[in-house]
>>> print(open('model.cif').read())   # mmCIF, C-alpha atoms and all ligand atoms
data_input
loop_
_atom_site.label_atom_id
_atom_site.label_comp_id
_atom_site.auth_asym_id
_atom_site.auth_seq_id
_atom_site.Cartn_x
_atom_site.Cartn_y
_atom_site.Cartn_z
CA MET A 2 156.86 -27.67 -3.43
CA THR A 3 160.00 -26.02 -4.84
CA VAL A 4 160.65 -25.34 -8.50
CA MET A 5 164.17 -24.49 -9.65
CA ALA A 6 164.93 -22.86 -12.98
CA PHE A 7 168.10 -22.16 -14.92
CA ASN A 8 168.49 -19.23 -17.30
CA GLY A 9 170.98 -20.19 -20.03
CA SER A 10 170.92 -16.73 -21.64
CA PRO A 11 173.57 -14.16 -20.72
CA ARG A 12 170.72 -11.63 -20.69
CA LYS A 13 168.67 -11.37 -17.51
CA LYS A 14 165.70 -9.45 -18.89
CA TRP A 15 165.25 -10.70 -22.42
CA ASN A 16 163.28 -13.45 -24.13
CA THR A 17 164.44 -16.50 -22.20
CA ALA A 18 164.49 -14.78 -18.79
CA THR A 19 161.06 -13.24 -19.42
CA LEU A 20 159.54 -16.62 -20.26
CA LEU A 21 161.17 -18.19 -17.18
CA GLU A 22 159.65 -15.44 -15.05
CA LYS A 23 156.25 -16.09 -16.62
CA ALA A 24 156.68 -19.79 -15.86
CA PHE A 25 157.39 -18.81 -12.25
CA GLU A 26 154.15 -16.82 -12.17
CA GLY A 27 152.51 -20.09 -13.16
CA THR A 28 154.28 -22.01 -10.39
CA ALA A 29 153.33 -19.26 -7.91
CA SER A 30 149.67 -19.77 -8.89
CA GLN A 31 150.11 -23.27 -7.44
CA GLU A 32 151.77 -21.83 -4.32
CA ALA A 33 155.16 -23.31 -5.15
CA GLU A 34 158.43 -21.74 -4.07
CA THR A 35 160.85 -20.80 -6.80
CA GLU A 36 164.53 -20.17 -7.38
CA LEU A 37 166.00 -18.83 -10.60
CA ILE A 38 169.69 -19.45 -11.30
CA HIS A 39 171.33 -17.22 -13.91
CA LEU A 40 174.02 -19.55 -15.23
CA TYR A 41 176.11 -16.67 -16.59
CA ASP A 42 176.56 -15.41 -12.98
CA LEU A 43 178.26 -18.63 -11.95
CA ASN A 44 181.86 -19.69 -12.45
CA PHE A 45 181.83 -23.30 -13.62
CA LYS A 46 182.92 -25.66 -16.37
CA GLY A 47 181.24 -28.55 -18.16
CA LEU A 48 181.98 -32.20 -17.50
CA ILE A 49 185.66 -32.93 -16.85
CA SER A 50 185.50 -36.74 -17.31
CA CYS A 51 186.77 -37.52 -13.78
CA PHE A 52 184.18 -40.36 -13.58
CA ALA A 53 184.01 -39.99 -9.78
CA CYS A 54 180.22 -40.17 -10.17
CA THR A 55 180.40 -43.58 -11.87
CA THR A 56 183.14 -45.20 -9.73
CA LYS A 57 181.90 -48.31 -7.91
CA GLY A 58 181.71 -47.74 -4.15
CA GLY A 59 183.05 -44.19 -4.55
CA LYS A 60 181.85 -41.50 -2.17
CA SER A 61 180.55 -39.45 -5.08
CA TYR A 62 178.73 -42.29 -6.83
CA GLY A 63 175.66 -40.82 -8.56
CA LYS A 64 176.67 -37.25 -7.71
CA CYS A 65 178.90 -34.65 -9.32
CA ALA A 66 182.17 -34.53 -7.37
CA VAL A 67 183.29 -31.17 -8.68
CA GLU A 68 183.05 -28.56 -5.91
CA ASP A 69 182.49 -25.33 -7.79
CA TYR A 70 179.65 -22.80 -7.98
CA LEU A 71 177.27 -25.41 -9.42
CA ALA A 72 177.78 -27.82 -6.51
CA PRO A 73 175.40 -26.08 -4.04
CA VAL A 74 172.86 -25.68 -6.83
CA PHE A 75 172.93 -29.42 -7.55
CA ARG A 76 172.46 -30.15 -3.83
CA LYS A 77 169.24 -28.11 -4.00
CA ILE A 78 168.12 -30.05 -7.09
CA GLU A 79 168.20 -33.21 -4.95
CA LYS A 80 165.31 -31.70 -2.96
CA ALA A 81 163.47 -29.84 -5.75
CA ASP A 82 160.04 -30.90 -6.98
CA ALA A 83 160.42 -29.63 -10.54
CA ILE A 84 163.14 -28.18 -12.77
CA ILE A 85 162.82 -25.72 -15.64
CA LEU A 86 165.69 -25.18 -18.07
CA GLY A 87 165.61 -22.13 -20.33
CA SER A 88 167.99 -21.38 -23.16
CA PRO A 89 168.36 -19.41 -26.35
CA ILE A 90 169.45 -21.46 -29.33
CA CYS A 91 173.02 -20.52 -30.28
CA PHE A 92 174.57 -21.99 -33.41
CA GLY A 93 172.03 -24.78 -33.58
CA THR A 94 172.02 -25.91 -29.95
CA VAL A 95 171.55 -24.52 -26.43
CA SER A 96 173.92 -21.84 -25.14
CA GLY A 97 177.43 -22.84 -24.03
CA GLU A 98 176.65 -22.35 -20.35
CA MET A 99 173.41 -24.35 -20.60
CA ARG A 100 175.23 -27.14 -22.42
CA SER A 101 177.95 -27.26 -19.73
CA CYS A 102 175.35 -27.22 -16.97
CA MET A 103 173.40 -30.05 -18.62
CA GLU A 104 176.51 -32.24 -18.89
CA ARG A 105 177.17 -31.80 -15.17
CA LEU A 106 173.51 -32.16 -14.16
CA LEU A 107 172.62 -35.21 -16.26
CA PHE A 108 175.69 -37.42 -16.46
CA PRO A 109 176.01 -38.40 -12.75
CA TYR A 110 172.42 -39.67 -12.68
CA LEU A 111 172.57 -41.82 -15.81
CA THR A 112 174.18 -45.26 -15.50
CA TYR A 113 176.29 -46.81 -18.24
CA THR A 114 174.14 -49.95 -18.11
CA ASP A 115 171.98 -51.64 -20.69
CA PRO A 116 169.31 -50.35 -20.42
CA PRO A 117 170.51 -47.10 -18.81
CA GLN A 118 169.01 -46.38 -15.39
CA SER A 119 168.41 -43.20 -13.43
CA LEU A 120 170.13 -42.69 -10.08
CA PHE A 121 168.02 -39.64 -9.30
CA PRO A 122 166.18 -40.73 -6.14
CA ARG A 123 162.68 -39.48 -7.06
CA ARG A 124 160.48 -38.79 -10.09
CA ILE A 125 159.99 -35.07 -10.63
CA LYS A 126 158.64 -33.02 -13.53
CA THR A 127 160.90 -31.04 -15.85
CA GLY A 128 160.34 -28.46 -18.56
CA PHE A 129 162.50 -26.77 -21.18
CA ILE A 130 161.91 -23.27 -22.57
CA TYR A 131 163.74 -22.50 -25.81
CA THR A 132 163.91 -19.15 -27.58
CA ILE A 133 165.10 -18.92 -31.15
CA ASN A 134 165.36 -16.58 -34.13
CA THR A 135 164.22 -19.25 -36.57
CA PRO A 136 160.53 -19.11 -37.59
CA GLY A 137 158.39 -22.02 -36.37
CA GLU A 138 157.81 -23.44 -39.86
CA ARG A 139 161.56 -24.00 -40.37
CA MET A 140 162.20 -25.87 -37.13
CA ASN A 141 161.95 -29.35 -38.58
CA GLU A 142 164.17 -28.83 -41.63
CA ARG A 143 166.89 -27.32 -39.40
CA GLY A 144 166.87 -30.29 -37.02
CA TYR A 145 165.69 -28.42 -33.92
CA LEU A 146 162.75 -30.75 -33.26
CA GLN A 147 165.22 -33.63 -33.03
CA LEU A 148 167.30 -31.66 -30.50
CA PHE A 149 164.24 -30.87 -28.39
CA GLY A 150 163.15 -34.53 -28.59
CA LEU A 151 166.58 -35.70 -27.42
CA HIS A 152 166.52 -33.38 -24.40
CA GLU A 153 162.98 -34.44 -23.57
CA MET A 154 163.99 -38.10 -23.74
CA LEU A 155 167.05 -37.59 -21.49
CA LEU A 156 165.20 -35.47 -18.94
CA GLY A 157 162.31 -37.92 -18.97
CA MET A 158 164.59 -40.89 -18.40
CA ILE A 159 166.53 -39.26 -15.57
CA PHE A 160 163.97 -37.15 -13.72
CA GLY A 161 160.45 -37.92 -14.93
CA ALA A 162 157.80 -36.48 -17.24
CA SER A 163 159.27 -33.71 -19.39
CA GLU A 164 157.75 -31.09 -21.68
CA HIS A 165 158.96 -28.11 -23.66
CA ILE A 166 157.82 -24.88 -25.26
CA CYS A 167 159.64 -22.79 -27.86
CA SER A 168 159.31 -19.10 -28.65
CA TYR A 169 160.16 -18.66 -32.36
CA ASP A 170 161.31 -15.72 -34.42
CA THR A 171 162.22 -13.74 -31.30
CA TYR A 172 162.92 -10.04 -31.02
CA GLN A 173 166.67 -9.87 -30.46
CA PHE A 174 167.68 -6.20 -30.23
CA ASN A 175 166.14 -3.04 -28.78
CA ASP A 176 166.80 -1.18 -32.01
CA TYR A 177 167.35 -3.16 -35.21
CA SER A 178 168.49 -0.01 -37.04
CA LYS A 179 171.65 0.12 -34.91
CA VAL A 180 172.73 -3.44 -35.64
CA VAL A 181 173.99 -5.05 -38.85
CA SER A 182 170.97 -7.29 -39.30
CA GLY A 183 169.65 -6.86 -42.85
CA ARG A 184 168.30 -10.41 -42.84
CA PHE A 185 165.51 -9.35 -40.50
CA ASP A 186 162.53 -7.09 -41.15
CA PRO A 187 162.36 -4.91 -38.00
CA ASP A 188 158.65 -4.17 -38.46
CA LYS A 189 157.78 -7.85 -38.74
CA LYS A 190 159.95 -8.60 -35.72
CA ALA A 191 158.25 -5.85 -33.67
CA LYS A 192 154.81 -7.06 -34.74
CA ARG A 193 155.66 -10.57 -33.66
CA ARG A 194 157.03 -9.30 -30.37
CA ASN A 195 153.78 -7.43 -29.71
CA GLU A 196 151.35 -10.07 -30.93
CA ILE A 197 152.93 -13.52 -30.53
CA PHE A 198 155.36 -13.16 -27.63
CA PRO A 199 152.51 -12.51 -25.15
CA ILE A 200 150.98 -15.82 -26.29
CA ASP A 201 154.35 -17.52 -25.64
CA CYS A 202 154.32 -15.92 -22.17
CA ASP A 203 150.90 -17.50 -21.53
CA LYS A 204 152.30 -20.87 -22.63
CA ALA A 205 155.20 -20.45 -20.20
CA PHE A 206 152.73 -19.60 -17.43
CA GLY A 207 150.81 -22.77 -18.24
CA MET A 208 153.95 -24.86 -18.18
CA GLY A 209 154.94 -23.43 -14.79
CA ALA A 210 151.49 -24.18 -13.38
CA ARG A 211 151.55 -27.76 -14.73
CA LEU A 212 155.04 -28.45 -13.38
CA ALA A 213 154.08 -27.17 -9.95
CA GLY A 214 150.73 -29.00 -9.98
CA ARG A 215 150.44 -31.85 -7.51
CA LYS A 216 149.25 -34.39 -10.10
C1 LIG A 301 175.72 -16.18 -30.44
C2 LIG A 301 174.31 -16.39 -30.91
C3 LIG A 301 174.01 -17.45 -31.72
C4 LIG A 301 172.70 -17.68 -32.17
N1 LIG A 301 172.44 -18.76 -32.96
C5 LIG A 301 171.17 -18.97 -33.39
C6 LIG A 301 170.87 -20.11 -34.20
O1 LIG A 301 171.73 -20.94 -34.50
N2 LIG A 301 169.60 -20.26 -34.64
C7 LIG A 301 168.61 -19.36 -34.32
O2 LIG A 301 167.49 -19.54 -34.77
N3 LIG A 301 168.85 -18.31 -33.51
C8 LIG A 301 170.11 -18.09 -33.05
N4 LIG A 301 170.37 -17.00 -32.22
C9 LIG A 301 169.26 -16.13 -31.78
C10 LIG A 301 168.78 -16.42 -30.36
O3 LIG A 301 168.55 -17.80 -30.15
C11 LIG A 301 167.48 -15.70 -30.04
O4 LIG A 301 167.55 -14.36 -30.39
C12 LIG A 301 167.12 -15.83 -28.56
O5 LIG A 301 165.76 -15.51 -28.38
C13 LIG A 301 167.96 -14.97 -27.65
O6 LIG A 301 167.60 -15.22 -26.32
P1 LIG A 301 167.63 -14.07 -25.19
O7 LIG A 301 166.80 -12.94 -25.71
O8 LIG A 301 167.04 -14.70 -23.99
O9 LIG A 301 169.06 -13.71 -24.98
C14 LIG A 301 171.67 -16.77 -31.78
C15 LIG A 301 171.99 -15.69 -30.93
C16 LIG A 301 173.29 -15.49 -30.51
C17 LIG A 301 173.60 -14.31 -29.61
#
>>> encode(input="model.cif", output="C-alpha cells")
Amino acid sequence: MTVMAFNGSPRKKWNTATLLEKAFEGTASQEAETELIHLYDLNFKGLISCFACTTKGGKSYGKCAVEDYLAPVFRKIEKADAIILGSPICFGTVSGEMRSCMERLLFPYLTYTDPPQSLFPRRIKTGFIYTINTPGERMNERGYLQLFGLHEMLLGMIFGASEHICSYDTYQFNDYSKVVSGRFDPDKKAKRRNEIFPIDCDKAFGMGARLAGRK
C-alpha cells in the first residue's frame, strides 16, 4: 500500500505541510508507505493543450506526454493506492502550482465522451486537505464549498471515493506584529492555532488512516 501526497504550499513546515504530515502519520498507522511531493520544488507547467493524451491510437493516449519533473511523479501515481492533495486557498482557489498539477494529473484520465469516462486503470481513494484564512462560517457565502464539491466530484469520477477536510482561519505568520495585517486579531489567531489546529491535525490523521485502510 503506497500513499502519495502533494503539498501545494510554497511553505514546507506550515499549515498545509503540517496537516499532510499528520495525514501520513495516519497512513503509517495502517502500515502504508508514503511519499510527499513538494510541488514548489519541481519545475513544471500546467496543461499545454497538446492533446497527445486524447489522440486516438497515440502512444500517449490516457497519459500526460509532457516529459518534465512531473512525469516521473505521474508514473508513480499509476501504481499508488491513494492520493492526498493539500493546498492553501489563494485568491479564492488552490495555489497556482496545485492548479497546474491538477490540470496535468486529471485531464489525461478524463475522456471527452458523453458521459465522461475515467481512463485511470484502477479505483483508488483520494483526499484533499485545504487550509484557508476564511472562518468556517463564511465558507458557503464565499463559494468555497462549491469549489471543494467540484474537486471531490472530479477526483471521485477519475480515481474513486474522495473526501476532504479544511482547516479554517489559519495562523499565517510567526509574528503578526511584523506584518501589515490589521484585519486579523493576533490573539484570536494564536488562540485558534493552539486550540483548533490540533483538532484539524487529528482530522488529517483520520483521513490518512481511512485512505490507507484496506476497505
Ligand atoms: C497569495 C495568497 C493568497 C491568499 N488568498 C486567500 C484567499 O483568497 N482566501 C483565504 O481565505 N485565504 C487566503 N490566503 C491565506 C492562506 O490560504 C492560508 O493562510 C493558508 O493556511 C496558508 O497555507 P500554508 O500555511 O500552508 O502556506 C492567501 C494566502 C496567500 C499567501
>>> axis_aligned_box(input="model.cif", around="region 109-113 of chain A", padding_each_side="8 Å", output="JSON")
{"center_x": 174.4, "center_y": -42.6, "center_z": -15.5, "size_x": 19.9, "size_y": 24.4, "size_z": 21.6}
>>> residues_near_ligand(input="model.cif", ligand="ligand LIG 301 (chain A)", cutoff="6 Å", atoms="only C-alpha atoms and all ligand atoms", output="JSON, numbers by chain")
{"A": [10, 12, 15, 16, 17, 18, 89, 90, 91, 92, 93, 132, 133, 134, 135, 171, 173]}
>>> atom_distance(input="model.cif", atom1="CA of Phe198 (chain A)", atom2="CA of Phe185 (chain A)")
16.8 Å
>>> closest_atom_pairs(input="model.cif", of="region 132-209 of chain A", to="region 120-126 of chain A", cutoff="6 Å", atoms="only C-alpha atoms", output="tab-separated table")
residue	atom	partner	partner_atom	distance
A:Phe160	CA	A:Arg124	CA	5.3
A:Gly161	CA	A:Arg124	CA	4.9
A:Ala162	CA	A:Lys126	CA	5.1
A:Ser163	CA	A:Lys126	CA	5.9
>>> closest_residue(input="model.cif", among="A:Tyr110, A:Phe75, A:Gln118, A:Leu37", to="Lys23 (chain A)", atoms="all atoms listed in the file")
A:Leu37
>>> residues_around(input="model.cif", residues="Glu153 (chain A)", least_positions_apart="4", cutoff="7 Å", atoms="all atoms listed in the file", output="PyMOL selection string")
chain A and resi 149+157+163-164
>>> residues_around(input="model.cif", residues="Cys167 (chain A)", least_positions_apart="6", cutoff="9 Å", atoms="only C-alpha atoms", output="list in words")
Phe129, Ile130, Tyr131, Thr132, Ile133, Gly137 and Asp201 of chain A
>>> atom_distance(input="model.cif", atom1="CA of Ser101 (chain A)", atom2="CA of Leu48 (chain A)")
6.8 Å
>>> closest_residue(input="model.cif", among="A:Gln147, A:Ser30, A:Asn141, A:Ser88", to="Gly207 (chain A)", atoms="all atoms listed in the file")
A:Ser30
>>> closest_residue(input="model.cif", among="A:Ala6, A:Cys102, A:Glu138, A:Leu107", to="Lys77 (chain A)", atoms="only C-alpha atoms")
A:Ala6
>>> closest_residue(input="model.cif", among="A:Asn175, A:Ser50, A:Asn195, A:Ser182", to="Lys14 (chain A)", atoms="only C-alpha atoms")
A:Asn175
>>> closest_residue(input="model.cif", among="A:Gly47, A:Pro11, A:Gly58, A:Gly87", to="Tyr70 (chain A)", atoms="all atoms listed in the file")
A:Gly47
>>> closest_residue(input="model.cif", among="A:Glu196, A:Asp82, A:Asp115, A:Asp42", to="Gly209 (chain A)", atoms="only C-alpha atoms")
A:Asp82
>>> atom_distance(input="model.cif", atom1="CA of Glu34 (chain A)", atom2="CA of Val4 (chain A)")
6.1 Å
>>> residues_around(input="model.cif", residues="Asp69 (chain A)", least_positions_apart="3", cutoff="9 Å", atoms="all atoms listed in the file", output="list of chain:residue names")
A:Leu43, A:Asn44, A:Phe45, A:Lys46, A:Ala72, A:Pro73
>>> residues_around(input="model.cif", residues="Ile38 (chain A)", least_positions_apart="4", cutoff="10 Å", atoms="only C-alpha atoms", output="number ranges by chain")
A: 5-9, 42-43, 71, 74, 86
>>> decode(input="model.cif", residues="region 147-170 of chain A", atoms="C-alpha atoms", output="CSV table (one decimal), in the first residue's frame")
chain,number,residue,atom,x,y,z
A,147,GLN,CA,-18.8,24.7,-4.3
A,148,LEU,CA,-15.1,24.6,-5.2
A,149,PHE,CA,-14.5,21.7,-2.8
A,150,GLY,CA,-17.5,19.9,-4.2
A,151,LEU,CA,-16.2,20.3,-7.7
A,152,HIS,CA,-12.8,18.8,-6.9
A,153,GLU,CA,-14.5,16.0,-5.0
A,154,MET,CA,-16.7,15.2,-8.0
A,155,LEU,CA,-13.7,15.2,-10.4
A,156,LEU,CA,-11.5,13.1,-8.2
A,157,GLY,CA,-14.3,10.7,-7.5
A,158,MET,CA,-15.1,10.3,-11.2
A,159,ILE,CA,-11.5,9.8,-12.2
A,160,PHE,CA,-9.9,7.8,-9.3
A,161,GLY,CA,-12.6,6.7,-6.9
A,162,ALA,CA,-14.1,7.7,-3.5
A,163,SER,CA,-12.9,11.1,-2.5
A,164,GLU,CA,-13.1,13.1,0.7
A,165,HIS,CA,-11.8,16.4,2.0
A,166,ILE,CA,-11.0,18.4,5.2
A,167,CYS,CA,-10.4,22.1,5.6
A,168,SER,CA,-8.5,24.0,8.3
A,169,TYR,CA,-10.2,27.4,8.6
A,170,ASP,CA,-8.9,30.7,10.0
